[in-house]
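To be precise, the following lines are start.cif, and they hold mmCIF, C-alpha atoms (C1' of nucleotides).
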data_run
loop_
_atom_site.group_PDB
_atom_site.id
_atom_site.type_symbol
_atom_site.label_atom_id
_atom_site.label_comp_id
_atom_site.auth_asym_id
_atom_site.auth_seq_id
_atom_site.Cartn_x
_atom_site.Cartn_y
_atom_site.Cartn_z
ATOM 1 C CA MET A 1 22.700 15.846 -18.890
ATOM 2 C CA GLN A 2 20.440 12.914 -19.642
ATOM 3 C CA ARG A 3 21.655 9.955 -21.610
ATOM 4 C CA ASP A 4 19.755 7.762 -23.986
ATOM 5 C CA THR A 5 20.442 4.273 -22.660
ATOM 6 C CA ARG A 6 19.338 0.878 -23.868
ATOM 7 C CA GLN A 7 17.477 0.413 -20.589
ATOM 8 C CA ARG A 8 15.523 3.636 -20.865
ATOM 9 C CA ARG A 9 14.609 2.900 -24.466
ATOM 10 C CA ALA A 10 13.426 -0.570 -23.476
ATOM 11 C CA ILE A 11 11.283 0.868 -20.700
ATOM 12 C CA ARG A 12 9.690 3.469 -22.945
ATOM 13 C CA ALA A 13 9.072 0.844 -25.590
ATOM 14 C CA ALA A 14 7.446 -1.487 -23.073
ATOM 15 C CA PHE A 15 4.968 1.206 -22.100
ATOM 16 C CA LYS A 16 4.082 1.915 -25.688
ATOM 17 C CA GLU A 17 3.685 -1.714 -26.656
ATOM 18 C CA ALA A 18 1.676 -2.644 -23.590
ATOM 19 C CA GLY A 19 -0.860 0.139 -24.024
ATOM 20 C CA HIS A 20 -2.150 -0.352 -20.497
ATOM 21 C CA PRO A 21 -0.928 0.551 -17.016
ATOM 22 C CA LEU A 22 2.094 -1.409 -15.809
ATOM 23 C CA SER A 23 3.333 -2.216 -12.347
ATOM 24 C CA PRO A 24 7.074 -2.016 -11.726
ATOM 25 C CA LYS A 25 7.244 -5.808 -11.850
ATOM 26 C CA GLU A 26 5.300 -6.078 -15.090
ATOM 27 C CA LEU A 27 7.502 -3.396 -16.546
ATOM 28 C CA LEU A 28 10.634 -5.233 -15.477
ATOM 29 C CA GLU A 29 9.434 -8.403 -17.176
ATOM 30 C CA LEU A 30 8.497 -6.678 -20.397
ATOM 31 C CA ALA A 31 11.607 -4.565 -20.667
ATOM 32 C CA ARG A 32 13.820 -7.564 -19.935
ATOM 33 C CA ARG A 33 12.840 -9.005 -23.290
ATOM 34 C CA GLU A 34 14.883 -6.182 -24.709
ATOM 35 C CA VAL A 35 17.624 -5.848 -22.103
ATOM 36 C CA GLU A 36 17.774 -9.038 -20.125
ATOM 37 C CA SER A 37 20.244 -7.804 -17.560
ATOM 38 C CA LEU A 38 17.823 -5.068 -16.504
ATOM 39 C CA GLY A 39 17.628 -4.599 -12.742
ATOM 40 C CA ILE A 40 14.684 -3.537 -10.626
ATOM 41 C CA ALA A 41 16.542 -0.503 -9.293
ATOM 42 C CA THR A 42 16.866 0.822 -12.821
ATOM 43 C CA VAL A 43 13.170 0.328 -13.362
ATOM 44 C CA TYR A 44 12.347 2.393 -10.289
ATOM 45 C CA ARG A 45 14.918 5.036 -11.177
ATOM 46 C CA ASN A 46 13.424 5.449 -14.623
ATOM 47 C CA LEU A 47 9.872 5.401 -13.374
ATOM 48 C CA ARG A 48 10.736 8.296 -11.117
ATOM 49 C CA ALA A 49 12.499 10.154 -13.892
ATOM 50 C CA LEU A 50 9.769 9.565 -16.465
ATOM 51 C CA GLU A 51 7.102 10.618 -14.026
ATOM 52 C CA LYS A 52 9.011 13.769 -13.148
ATOM 53 C CA GLU A 53 9.364 14.728 -16.788
ATOM 54 C CA GLY A 54 5.666 14.027 -17.302
ATOM 55 C CA TRP A 55 5.995 11.192 -19.767
ATOM 56 C CA ILE A 56 4.134 8.746 -17.537
ATOM 57 C CA GLU A 57 1.723 9.138 -14.672
ATOM 58 C CA ALA A 58 0.786 7.009 -11.705
ATOM 59 C CA VAL A 59 -2.409 4.963 -11.681
ATOM 60 C CA GLU A 60 -3.474 4.117 -8.161
ATOM 61 C CA LEU A 61 -6.029 1.389 -7.651
ATOM 62 C CA PRO A 62 -7.647 0.277 -4.409
ATOM 63 C CA GLY A 63 -5.482 -2.091 -2.413
ATOM 64 C CA GLU A 64 -2.753 -2.187 -5.046
ATOM 65 C CA SER A 65 0.650 -0.649 -5.309
ATOM 66 C CA PRO A 66 0.880 1.972 -8.045
ATOM 67 C CA ARG A 67 1.053 1.257 -11.747
ATOM 68 C CA TYR A 68 2.079 3.691 -14.445
ATOM 69 C CA GLU A 69 0.793 4.616 -17.857
ATOM 70 C CA VAL A 70 1.875 6.932 -20.642
ATOM 71 C CA ALA A 71 0.641 10.400 -19.800
ATOM 72 C CA GLY A 72 -1.638 12.733 -21.705
ATOM 73 C CA LYS A 73 -4.445 10.416 -22.664
ATOM 74 C CA GLY A 74 -7.336 12.571 -21.538
ATOM 75 C CA HIS A 75 -9.993 11.573 -19.078
ATOM 76 C CA HIS A 76 -10.518 7.842 -18.737
ATOM 77 C CA HIS A 77 -10.907 5.128 -16.135
ATOM 78 C CA HIS A 78 -9.708 1.578 -15.541
ATOM 79 C CA PHE A 79 -10.831 -1.993 -15.606
ATOM 80 C CA HIS A 80 -9.102 -4.435 -13.302
ATOM 81 C CA CYS A 81 -9.268 -8.081 -14.378
ATOM 82 C CA GLN A 82 -9.690 -10.297 -11.350
ATOM 83 C CA ASP A 83 -8.243 -13.297 -13.142
ATOM 84 C CA CYS A 84 -5.043 -12.073 -14.770
ATOM 85 C CA ASP A 85 -4.694 -9.025 -12.534
ATOM 86 C CA ARG A 86 -4.039 -6.776 -15.516
ATOM 87 C CA VAL A 87 -5.441 -3.276 -15.707
ATOM 88 C CA TYR A 88 -7.045 -1.855 -18.853
ATOM 89 C CA GLU A 89 -8.125 1.612 -19.812
ATOM 90 C CA VAL A 90 -11.776 2.306 -20.473
ATOM 91 C CA GLU A 91 -13.159 5.215 -22.405
ATOM 92 C CA GLY A 92 -16.015 7.270 -21.181
ATOM 93 C CA CYS A 93 -17.324 8.298 -17.862
ATOM 94 C CA PRO A 94 -20.691 7.809 -16.211
ATOM 95 C CA GLY A 95 -21.204 11.472 -15.392
ATOM 96 C CA ASN A 96 -24.019 12.356 -13.013
ATOM 97 C CA LEU A 97 -21.504 12.965 -10.288
ATOM 98 C CA LYS A 98 -22.699 16.252 -8.901
ATOM 99 C CA SER A 99 -26.082 14.764 -8.179
ATOM 100 C CA ILE A 100 -24.612 12.286 -5.730
ATOM 101 C CA THR A 101 -22.151 14.683 -4.098
ATOM 102 C CA PRO A 102 -23.407 15.537 -0.611
ATOM 103 C CA GLU A 103 -24.631 19.049 0.234
ATOM 104 C CA GLY A 104 -21.825 21.481 0.938
ATOM 105 C CA PHE A 105 -19.090 19.216 -0.378
ATOM 106 C CA GLU A 106 -16.888 20.521 -3.189
ATOM 107 C CA LEU A 107 -16.267 17.955 -5.885
ATOM 108 C CA GLU A 108 -12.887 18.280 -7.524
ATOM 109 C CA SER A 109 -12.193 15.009 -9.274
ATOM 110 C CA HIS A 110 -13.116 11.368 -9.209
ATOM 111 C CA GLU A 111 -11.742 7.930 -9.768
ATOM 112 C CA PHE A 112 -13.590 4.983 -10.923
ATOM 113 C CA VAL A 113 -12.656 1.314 -11.256
ATOM 114 C CA LEU A 114 -14.470 -1.542 -12.935
ATOM 115 C CA TYR A 115 -13.833 -5.116 -11.826
ATOM 116 C CA GLY A 116 -14.489 -8.323 -13.674
ATOM 117 C CA ARG A 117 -12.898 -10.428 -16.371
ATOM 118 C CA CYS A 118 -11.101 -9.115 -19.400
ATOM 119 C CA GLU A 119 -11.801 -10.336 -22.905
ATOM 120 C CA THR A 120 -9.043 -12.951 -22.795
ATOM 121 C CA CYS A 121 -9.926 -14.338 -19.373
ATOM 122 C CA ALA A 122 -13.683 -14.321 -20.043
ATOM 123 C CA ALA A 123 -13.245 -16.679 -22.989
ATOM 124 C CA MET B 1 -15.261 -18.006 24.164
ATOM 125 C CA GLN B 2 -15.186 -14.332 23.367
ATOM 126 C CA ARG B 3 -14.927 -11.760 26.133
ATOM 127 C CA ASP B 4 -16.447 -8.356 26.333
ATOM 128 C CA THR B 5 -13.466 -6.127 27.070
ATOM 129 C CA ARG B 6 -13.217 -2.406 27.573
ATOM 130 C CA GLN B 7 -11.007 -2.200 24.505
ATOM 131 C CA ARG B 8 -13.429 -3.964 22.229
ATOM 132 C CA ARG B 9 -16.314 -1.850 23.486
ATOM 133 C CA ALA B 10 -14.296 1.301 22.869
ATOM 134 C CA ILE B 11 -13.499 0.184 19.334
ATOM 135 C CA ARG B 12 -17.096 -0.632 18.507
ATOM 136 C CA ALA B 13 -18.210 2.661 20.015
ATOM 137 C CA ALA B 14 -15.651 4.586 17.969
ATOM 138 C CA PHE B 15 -17.019 3.097 14.752
ATOM 139 C CA LYS B 16 -20.562 3.966 15.655
ATOM 140 C CA GLU B 17 -19.782 7.504 16.729
ATOM 141 C CA ALA B 18 -17.591 8.243 13.731
ATOM 142 C CA GLY B 19 -20.142 7.134 11.168
ATOM 143 C CA HIS B 20 -17.546 7.057 8.427
ATOM 144 C CA PRO B 21 -14.701 4.714 7.462
ATOM 145 C CA LEU B 22 -11.740 4.681 9.841
ATOM 146 C CA SER B 23 -8.127 3.762 9.327
ATOM 147 C CA PRO B 24 -6.423 1.730 12.044
ATOM 148 C CA LYS B 25 -4.633 4.887 13.189
ATOM 149 C CA GLU B 26 -7.798 6.979 13.293
ATOM 150 C CA LEU B 27 -9.472 4.190 15.177
ATOM 151 C CA LEU B 28 -6.626 4.033 17.675
ATOM 152 C CA GLU B 29 -6.910 7.753 18.339
ATOM 153 C CA LEU B 30 -10.654 7.699 18.775
ATOM 154 C CA ALA B 31 -10.775 4.619 20.951
ATOM 155 C CA ARG B 32 -7.972 5.945 23.137
ATOM 156 C CA ARG B 33 -10.320 8.622 24.391
ATOM 157 C CA GLU B 34 -12.082 5.774 26.107
ATOM 158 C CA VAL B 35 -9.165 3.487 26.935
ATOM 159 C CA GLU B 36 -5.999 5.493 26.840
ATOM 160 C CA SER B 37 -3.653 2.571 27.287
ATOM 161 C CA LEU B 38 -4.952 1.006 24.065
ATOM 162 C CA GLY B 39 -2.209 -0.436 21.864
ATOM 163 C CA ILE B 40 -2.079 -0.665 18.103
ATOM 164 C CA ALA B 41 -1.779 -4.461 18.214
ATOM 165 C CA THR B 42 -5.131 -4.655 19.939
ATOM 166 C CA VAL B 43 -6.641 -2.436 17.287
ATOM 167 C CA TYR B 44 -5.443 -4.748 14.521
ATOM 168 C CA ARG B 45 -6.517 -7.837 16.431
ATOM 169 C CA ASN B 46 -10.008 -6.483 16.879
ATOM 170 C CA LEU B 47 -10.243 -5.243 13.321
ATOM 171 C CA ARG B 48 -9.485 -8.753 12.177
ATOM 172 C CA ALA B 49 -11.993 -10.249 14.584
ATOM 173 C CA LEU B 50 -14.746 -7.763 13.762
ATOM 174 C CA GLU B 51 -14.216 -8.230 10.054
ATOM 175 C CA LYS B 52 -14.316 -11.996 10.431
ATOM 176 C CA GLU B 53 -17.579 -11.851 12.314
ATOM 177 C CA GLY B 54 -18.961 -9.493 9.683
ATOM 178 C CA TRP B 55 -19.496 -6.482 11.901
ATOM 179 C CA ILE B 56 -17.187 -4.281 9.828
ATOM 180 C CA GLU B 57 -15.889 -4.424 6.300
ATOM 181 C CA ALA B 58 -12.809 -3.099 4.564
ATOM 182 C CA VAL B 59 -12.934 0.029 2.422
ATOM 183 C CA GLU B 60 -10.047 0.156 -0.022
ATOM 184 C CA LEU B 61 -9.238 3.453 -1.664
ATOM 185 C CA PRO B 62 -6.614 4.165 -4.319
ATOM 186 C CA GLY B 63 -3.167 4.658 -2.864
ATOM 187 C CA GLU B 64 -4.348 4.260 0.699
ATOM 188 C CA SER B 65 -4.150 1.466 3.188
ATOM 189 C CA PRO B 66 -7.521 0.020 4.056
ATOM 190 C CA ARG B 67 -10.093 1.665 6.279
ATOM 191 C CA TYR B 68 -13.032 -0.050 7.858
ATOM 192 C CA GLU B 69 -16.694 0.767 8.265
ATOM 193 C CA VAL B 70 -19.648 -0.830 9.987
ATOM 194 C CA ALA B 71 -21.007 -3.479 7.649
ATOM 195 C CA GLY B 72 -24.406 -3.928 6.072
ATOM 196 C CA LYS B 73 -25.045 -0.485 4.660
ATOM 197 C CA GLY B 74 -26.046 -1.436 1.140
ATOM 198 C CA HIS B 75 -24.440 -0.180 -2.029
ATOM 199 C CA HIS B 76 -22.690 3.152 -1.663
ATOM 200 C CA HIS B 77 -19.451 4.909 -2.532
ATOM 201 C CA HIS B 78 -16.982 7.243 -0.876
ATOM 202 C CA PHE B 79 -15.804 10.807 -0.830
ATOM 203 C CA HIS B 80 -12.203 11.457 0.121
ATOM 204 C CA CYS B 81 -11.493 14.933 1.468
ATOM 205 C CA GLN B 82 -8.132 16.144 0.221
ATOM 206 C CA ASP B 83 -7.756 18.572 3.105
ATOM 207 C CA CYS B 84 -8.550 16.572 6.231
ATOM 208 C CA ASP B 85 -7.991 13.192 4.604
ATOM 209 C CA ARG B 86 -11.220 11.848 6.014
ATOM 210 C CA VAL B 87 -13.461 9.536 4.034
ATOM 211 C CA TYR B 88 -17.241 9.946 3.877
ATOM 212 C CA GLU B 89 -19.963 7.753 2.538
ATOM 213 C CA VAL B 90 -22.060 8.926 -0.370
ATOM 214 C CA GLU B 91 -25.437 7.584 -1.386
ATOM 215 C CA GLY B 92 -26.303 6.736 -4.920
ATOM 216 C CA CYS B 93 -24.448 5.451 -7.885
ATOM 217 C CA PRO B 94 -23.975 6.861 -11.373
ATOM 218 C CA GLY B 95 -25.105 3.716 -13.154
ATOM 219 C CA ASN B 96 -24.504 3.564 -16.900
ATOM 220 C CA LEU B 97 -21.615 1.212 -16.327
ATOM 221 C CA LYS B 98 -22.297 -1.414 -18.914
ATOM 222 C CA SER B 99 -22.210 1.174 -21.645
ATOM 223 C CA ILE B 100 -18.582 1.997 -20.950
ATOM 224 C CA THR B 101 -17.429 -1.584 -20.379
ATOM 225 C CA PRO B 102 -15.338 -2.662 -23.360
ATOM 226 C CA GLU B 103 -16.589 -5.330 -25.771
ATOM 227 C CA GLY B 104 -16.098 -8.849 -24.492
ATOM 228 C CA PHE B 105 -15.290 -7.802 -20.950
ATOM 229 C CA GLU B 106 -17.440 -9.142 -18.126
ATOM 230 C CA LEU B 107 -18.347 -6.517 -15.573
ATOM 231 C CA GLU B 108 -18.693 -7.882 -12.065
ATOM 232 C CA SER B 109 -18.512 -4.931 -9.711
ATOM 233 C CA HIS B 110 -17.182 -1.423 -9.472
ATOM 234 C CA GLU B 111 -15.671 1.058 -7.097
ATOM 235 C CA PHE B 112 -15.962 4.720 -7.272
ATOM 236 C CA VAL B 113 -14.334 7.545 -5.336
ATOM 237 C CA LEU B 114 -15.035 11.255 -5.266
ATOM 238 C CA TYR B 115 -12.290 13.699 -4.337
ATOM 239 C CA GLY B 116 -12.582 17.245 -3.124
ATOM 240 C CA ARG B 117 -13.299 19.101 0.057
ATOM 241 C CA CYS B 118 -15.783 18.065 2.692
ATOM 242 C CA GLU B 119 -18.348 20.411 4.148
ATOM 243 C CA THR B 120 -16.135 21.376 7.075
ATOM 244 C CA CYS B 121 -13.018 21.974 5.018
ATOM 245 C CA ALA B 122 -14.843 23.819 2.239
ATOM 246 C CA ALA B 123 -16.072 26.468 4.660
ATOM 247 C "C1'" DA C 1 -12.990 -15.017 46.069
ATOM 248 C "C1'" DA C 2 -10.230 -18.052 43.397
ATOM 249 C "C1'" DA C 3 -9.099 -20.257 39.259
ATOM 250 C "C1'" DG C 4 -8.810 -20.564 34.406
ATOM 251 C "C1'" DT C 5 -7.818 -18.471 30.263
ATOM 252 C "C1'" DA C 6 -8.938 -14.981 26.549
ATOM 253 C "C1'" DT C 7 -7.129 -10.645 25.820
ATOM 254 C "C1'" DT C 8 -4.028 -7.012 26.312
ATOM 255 C "C1'" DG C 9 0.314 -3.980 25.568
ATOM 256 C "C1'" DA C 10 5.001 -3.666 24.314
ATOM 257 C "C1'" DT C 11 8.118 -5.055 21.332
ATOM 258 C "C1'" DA C 12 10.215 -7.994 17.945
ATOM 259 C "C1'" DC C 13 9.548 -9.610 13.677
ATOM 260 C "C1'" DT C 14 7.836 -10.406 8.807
ATOM 261 C "C1'" DA C 15 6.603 -9.127 4.183
ATOM 262 C "C1'" DG C 16 6.424 -6.108 0.458
ATOM 263 C "C1'" DT C 17 7.860 -2.200 -1.878
ATOM 264 C "C1'" DT C 18 10.911 1.477 -2.850
ATOM 265 C "C1'" DT C 19 15.356 3.795 -2.182
ATOM 266 C "C1'" DC C 20 20.351 4.009 -1.363
ATOM 267 C "C1'" DT C 21 25.273 2.647 -1.971
ATOM 268 C "C1'" DC C 22 29.009 1.754 -4.585
ATOM 269 C "C1'" DG C 23 31.958 -0.365 -7.803
ATOM 270 C "C1'" DT C 24 31.435 -1.052 -12.849
ATOM 271 C "C1'" DT C 25 29.668 -0.004 -17.477
ATOM 272 C "C1'" DA C 26 28.748 2.603 -21.385
ATOM 273 C "C1'" DG C 27 26.846 7.211 -23.535
ATOM 274 C "C1'" DC C 28 28.425 11.508 -25.092
ATOM 275 C "C1'" DT C 29 31.822 15.049 -26.179
ATOM 276 C "C1'" DT C 30 36.114 16.486 -27.841
ATOM 277 C "C1'" DA D 1 39.848 6.794 -28.994
ATOM 278 C "C1'" DA D 2 40.248 8.892 -24.473
ATOM 279 C "C1'" DG D 3 38.123 11.006 -20.756
ATOM 280 C "C1'" DC D 4 34.302 12.375 -18.150
ATOM 281 C "C1'" DT D 5 30.497 11.027 -15.693
ATOM 282 C "C1'" DA D 6 25.444 9.621 -16.018
ATOM 283 C "C1'" DA D 7 23.444 5.486 -15.559
ATOM 284 C "C1'" DC D 8 23.551 0.688 -14.448
ATOM 285 C "C1'" DG D 9 23.200 -3.846 -11.496
ATOM 286 C "C1'" DA D 10 23.329 -6.149 -7.218
ATOM 287 C "C1'" DG D 11 22.621 -6.172 -2.817
ATOM 288 C "C1'" DA D 12 21.951 -3.643 1.501
ATOM 289 C "C1'" DA D 13 18.990 -0.654 3.784
ATOM 290 C "C1'" DA D 14 14.780 1.990 4.842
ATOM 291 C "C1'" DC D 15 9.919 2.298 5.377
ATOM 292 C "C1'" DT D 16 5.281 0.859 6.078
ATOM 293 C "C1'" DA D 17 1.726 -2.070 7.338
ATOM 294 C "C1'" DG D 18 0.461 -5.789 9.656
ATOM 295 C "C1'" DT D 19 1.475 -10.135 12.579
ATOM 296 C "C1'" DA D 20 3.608 -13.015 16.270
ATOM 297 C "C1'" DT D 21 5.436 -13.527 20.946
ATOM 298 C "C1'" DC D 22 4.953 -13.552 25.734
ATOM 299 C "C1'" DA D 23 4.487 -12.038 30.335
ATOM 300 C "C1'" DA D 24 0.900 -9.468 32.709
ATOM 301 C "C1'" DT D 25 -3.930 -8.280 33.116
ATOM 302 C "C1'" DA D 26 -8.784 -8.706 33.613
ATOM 303 C "C1'" DC D 27 -13.160 -11.055 32.139
ATOM 304 C "C1'" DT D 28 -16.121 -15.220 33.432
ATOM 305 C "C1'" DT D 29 -17.388 -18.999 35.683
ATOM 306 C "C1'" DT D 30 -17.603 -21.702 39.638
#

Representation of the structure as structure tokens:
Amino acid sequence: MQRDTRQRRAIRAAFKEAGHPLSPKELLELARREVESLGIATVYRNLRALEKEGWIEAVELPGESPRYEVAGKGHHHHFHCQDCDRVYEVEGCPGNLKSITPEGFELESHEFVLYGRCETCAA
Amino acid sequence: MQRDTRQRRAIRAAFKEAGHPLSPKELLELARREVESLGIATVYRNLRALEKEGWIEAVELPGESPRYEVAGKGHHHHFHCQDCDRVYEVEGCPGNLKSITPEGFELESHEFVLYGRCETCAA
DNA sequence: AAAGTATTGATACTAGTTTCTCGTTAGCTT
DNA sequence: AAGCTAACGAGAAACTAGTATCAATACTTT
């Protein structure tokens, strides 16, 4: 049976407070504010468990190792800040996708990443 | 000075014949049809050299290690076939990007990937 | 054709990320 | 509160992608 540990609570809390996708390292840092002895192995163990139970899902960005965000947010995309390297969610979707899909290809889904500077770094 | 070797010719030829982005492994396979002794180290060496001289450029897709395509094609995006795992180029661009960029964020560039089945695999 | 050296191929190595191992800790149940 | 054992922490190990090493090969020039 699954236990409700300090570590797991800290990890869940970190996701909720952050509100944007977190890499394992970012997650470790954030959750250590709560449980400072937290180890990286525990982070990975819980990421796997939380993903399996559907509470988080992986966010893969070009040339980056995966980040994770709380699941069930509906269709959205991401903004990657080139200064602070953080990833933000963006609402909305450009649409128009079928028109650029080549003849005979079956479009199933799409991913879409904006690059630039976030509000904080742009200032 | 740079030499014109069988290996380098085979690699260039593979890019031109393929007409779509190639991973180092794909490139190795293709170029081995021409030079069967070709080693992976040589592939990486030439990828680096060709990228440096601007003849190819890297194509980064979510969760994938980089592929490379012949440079200088103008703005375009990519279609990743989930069956054969090949990547194709697609013309056009949805536009409309500023409207979904959050307040205060500075948009610099974007990347955009379609997923589904290519013509061959859809048949 | 010979000499000089850039390039090759095989393999060892590095770097980064994720997983495994195992003794210890701490939730949960009774 | 005692016992059971899931979960933890630290470090070793595995995996992957890419780079470095070095003797052998093969372009180029003379």

With all atoms listed in the file as the counted atoms, please give the residues lying no more than 12 Å from Leu50 (chain B), apart from itself and same-chain residues fewer than 5 positions off, as a list in words.
Gln2, Arg8, Arg9, Ile11, Arg12, Phe15, Thr42, Val43, Tyr44, Arg45, Trp55, Ile56, Glu57, Ala58, Tyr68, Glu69, Val70 and Ala71 of chain B

For the structure shown, which residues end up in the PyMOL selection byres ((chain B) within 10 of (chain C))? Put them as a list of chain:residue names, please?
B:Met1, B:Gln2, B:Arg3, B:Asp4, B:Thr5, B:Gln7, B:Arg8, B:Ser37, B:Leu38, B:Gly39, B:Ile40, B:Ala41, B:Thr42, B:Arg45

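Note that the spacing between CA of Glu53 (chain B) and CA of Glu89 (chain B) amounts to 22.0 Å.
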
Specify as a list in words all residues of chain D found within 8 Å of chain A, counting all atoms listed in the file.
DA6, DA7, DC8 and DG9 of chain D

Each chain B residue no farther than 7 Å from chain A, nearest pair in Å, all atoms listed in the file, as a Markdown table:
| residue | atom | partner | partner_atom | distance |
| --- | --- | --- | --- | --- |
| B:Glu60 | CA | A:Pro62 | CA | 5.0 |
| B:Leu61 | CA | A:Pro62 | CA | 4.5 |
| B:Pro62 | CA | A:Pro62 | CA | 4.0 |
| B:Gly63 | CA | A:Glu60 | CA | 5.3 |
| B:Ser65 | CA | A:Gly63 | CA | 6.8 |
| B:Val90 | CA | A:Pro102 | CA | 6.8 |
| B:Glu91 | CA | A:Ile100 | CA | 6.5 |
| B:Gly92 | CA | A:Ile100 | CA | 5.9 |
| B:Pro94 | CA | A:Asn96 | CA | 5.7 |
| B:Gly95 | CA | A:Pro94 | CA | 6.8 |
| B:Asn96 | CA | A:Pro94 | CA | 5.7 |
| B:Leu97 | CA | A:Pro94 | CA | 6.7 |
| B:Ile100 | CA | A:Gly92 | CA | 5.9 |
| B:Thr101 | CA | A:Val90 | CA | 6.9 |
| B:Pro102 | CA | A:Val90 | CA | 6.8 |
| B:Gly104 | CA | A:Glu119 | CA | 4.8 |
| B:Phe105 | CA | A:Cys118 | CA | 4.7 |
| B:Glu106 | CA | A:Arg117 | CA | 5.0 |
| B:Leu107 | CA | A:Gly116 | CA | 4.7 |
| B:Glu108 | CA | A:Gly116 | CA | 4.5 |
| B:Ser109 | CA | A:Tyr115 | CA | 5.1 |
| B:His110 | CA | A:Leu114 | CA | 4.4 |
| B:Glu111 | CA | A:Val113 | CA | 5.1 |
| B:Phe112 | CA | A:Phe112 | CA | 4.4 |
| B:Val113 | CA | A:Glu111 | CA | 5.1 |
| B:Leu114 | CA | A:His110 | CA | 4.4 |
| B:Tyr115 | CA | A:Ser109 | CA | 5.1 |
| B:Gly116 | CA | A:Glu108 | CA | 4.5 |
| B:Arg117 | CA | A:Glu106 | CA | 5.0 |
| B:Cys118 | CA | A:Phe105 | CA | 4.7 |
| B:Glu119 | CA | A:Phe105 | CA | 4.7 |
| B:Ala122 | CA | A:Glu106 | CA | 6.7 |

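Picture a line from CA of Arg67 (chain A) to CA of Pro21 (chain A); it runs 5.7 Å.
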
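CA of Gly54 (chain A) is found 18.3 Å from CA of Ala18 (chain A).
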
Coordinate excerpt as a PDB file, in the first residue's frame: region 30-34 of chain A, all heavy atoms:
ATOM      1  N   LEU A  30      13.143  22.906  -5.098  1.00  0.00           N
ATOM      2  CA  LEU A  30      11.928  23.428  -4.490  1.00  0.00           C
ATOM      3  C   LEU A  30      11.483  22.584  -3.304  1.00  0.00           C
ATOM      4  O   LEU A  30      11.163  23.106  -2.239  1.00  0.00           O
ATOM      5  CB  LEU A  30      10.801  23.479  -5.527  1.00  0.00           C
ATOM      6  CG  LEU A  30      10.925  24.573  -6.567  1.00  0.00           C
ATOM      7  CD1 LEU A  30       9.790  24.477  -7.575  1.00  0.00           C
ATOM      8  CD2 LEU A  30      10.916  25.946  -5.896  1.00  0.00           C
ATOM      9  N   ALA A  31      11.488  21.285  -3.493  1.00  0.00           N
ATOM     10  CA  ALA A  31      10.963  20.411  -2.445  1.00  0.00           C
ATOM     11  C   ALA A  31      11.915  20.347  -1.257  1.00  0.00           C
ATOM     12  O   ALA A  31      11.510  20.018  -0.141  1.00  0.00           O
ATOM     13  CB  ALA A  31      10.702  19.025  -3.011  1.00  0.00           C
ATOM     14  N   ARG A  32      13.173  20.691  -1.477  1.00  0.00           N
ATOM     15  CA  ARG A  32      14.130  20.692  -0.367  1.00  0.00           C
ATOM     16  C   ARG A  32      13.881  21.800   0.630  1.00  0.00           C
ATOM     17  O   ARG A  32      14.355  21.753   1.761  1.00  0.00           O
ATOM     18  CB  ARG A  32      15.558  20.806  -0.905  1.00  0.00           C
ATOM     19  CG  ARG A  32      16.185  19.452  -1.083  1.00  0.00           C
ATOM     20  CD  ARG A  32      17.669  19.543  -1.360  1.00  0.00           C
ATOM     21  NE  ARG A  32      18.251  18.211  -1.365  1.00  0.00           N
ATOM     22  CZ  ARG A  32      19.388  17.889  -1.978  1.00  0.00           C
ATOM     23  NH1 ARG A  32      20.053  18.808  -2.649  1.00  0.00           N
ATOM     24  NH2 ARG A  32      19.858  16.653  -1.917  1.00  0.00           N
ATOM     25  N   ARG A  33      13.132  22.825   0.196  1.00  0.00           N
ATOM     26  CA  ARG A  33      12.761  23.875   1.145  1.00  0.00           C
ATOM     27  C   ARG A  33      11.902  23.295   2.262  1.00  0.00           C
ATOM     28  O   ARG A  33      11.884  23.782   3.376  1.00  0.00           O
ATOM     29  CB  ARG A  33      11.971  24.971   0.434  1.00  0.00           C
ATOM     30  CG  ARG A  33      12.820  25.734  -0.561  1.00  0.00           C
ATOM     31  CD  ARG A  33      12.031  26.848  -1.196  1.00  0.00           C
ATOM     32  NE  ARG A  33      12.775  27.397  -2.317  1.00  0.00           N
ATOM     33  CZ  ARG A  33      12.253  28.176  -3.256  1.00  0.00           C
ATOM     34  NH1 ARG A  33      10.960  28.489  -3.207  1.00  0.00           N
ATOM     35  NH2 ARG A  33      12.994  28.632  -4.241  1.00  0.00           N
ATOM     36  N   GLU A  34      11.205  22.228   1.891  1.00  0.00           N
ATOM     37  CA  GLU A  34      10.284  21.597   2.830  1.00  0.00           C
ATOM     38  C   GLU A  34      10.976  20.446   3.574  1.00  0.00           C
ATOM     39  O   GLU A  34      10.829  20.306   4.786  1.00  0.00           O
ATOM     40  CB  GLU A  34       9.088  21.067   2.023  1.00  0.00           C
ATOM     41  CG  GLU A  34       7.833  20.819   2.817  1.00  0.00           C
ATOM     42  CD  GLU A  34       7.318  22.102   3.451  1.00  0.00           C
ATOM     43  OE1 GLU A  34       7.463  23.204   2.841  1.00  0.00           O
ATOM     44  OE2 GLU A  34       6.772  22.009   4.560  1.00  0.00           O
TER      45      GLU A  34
END
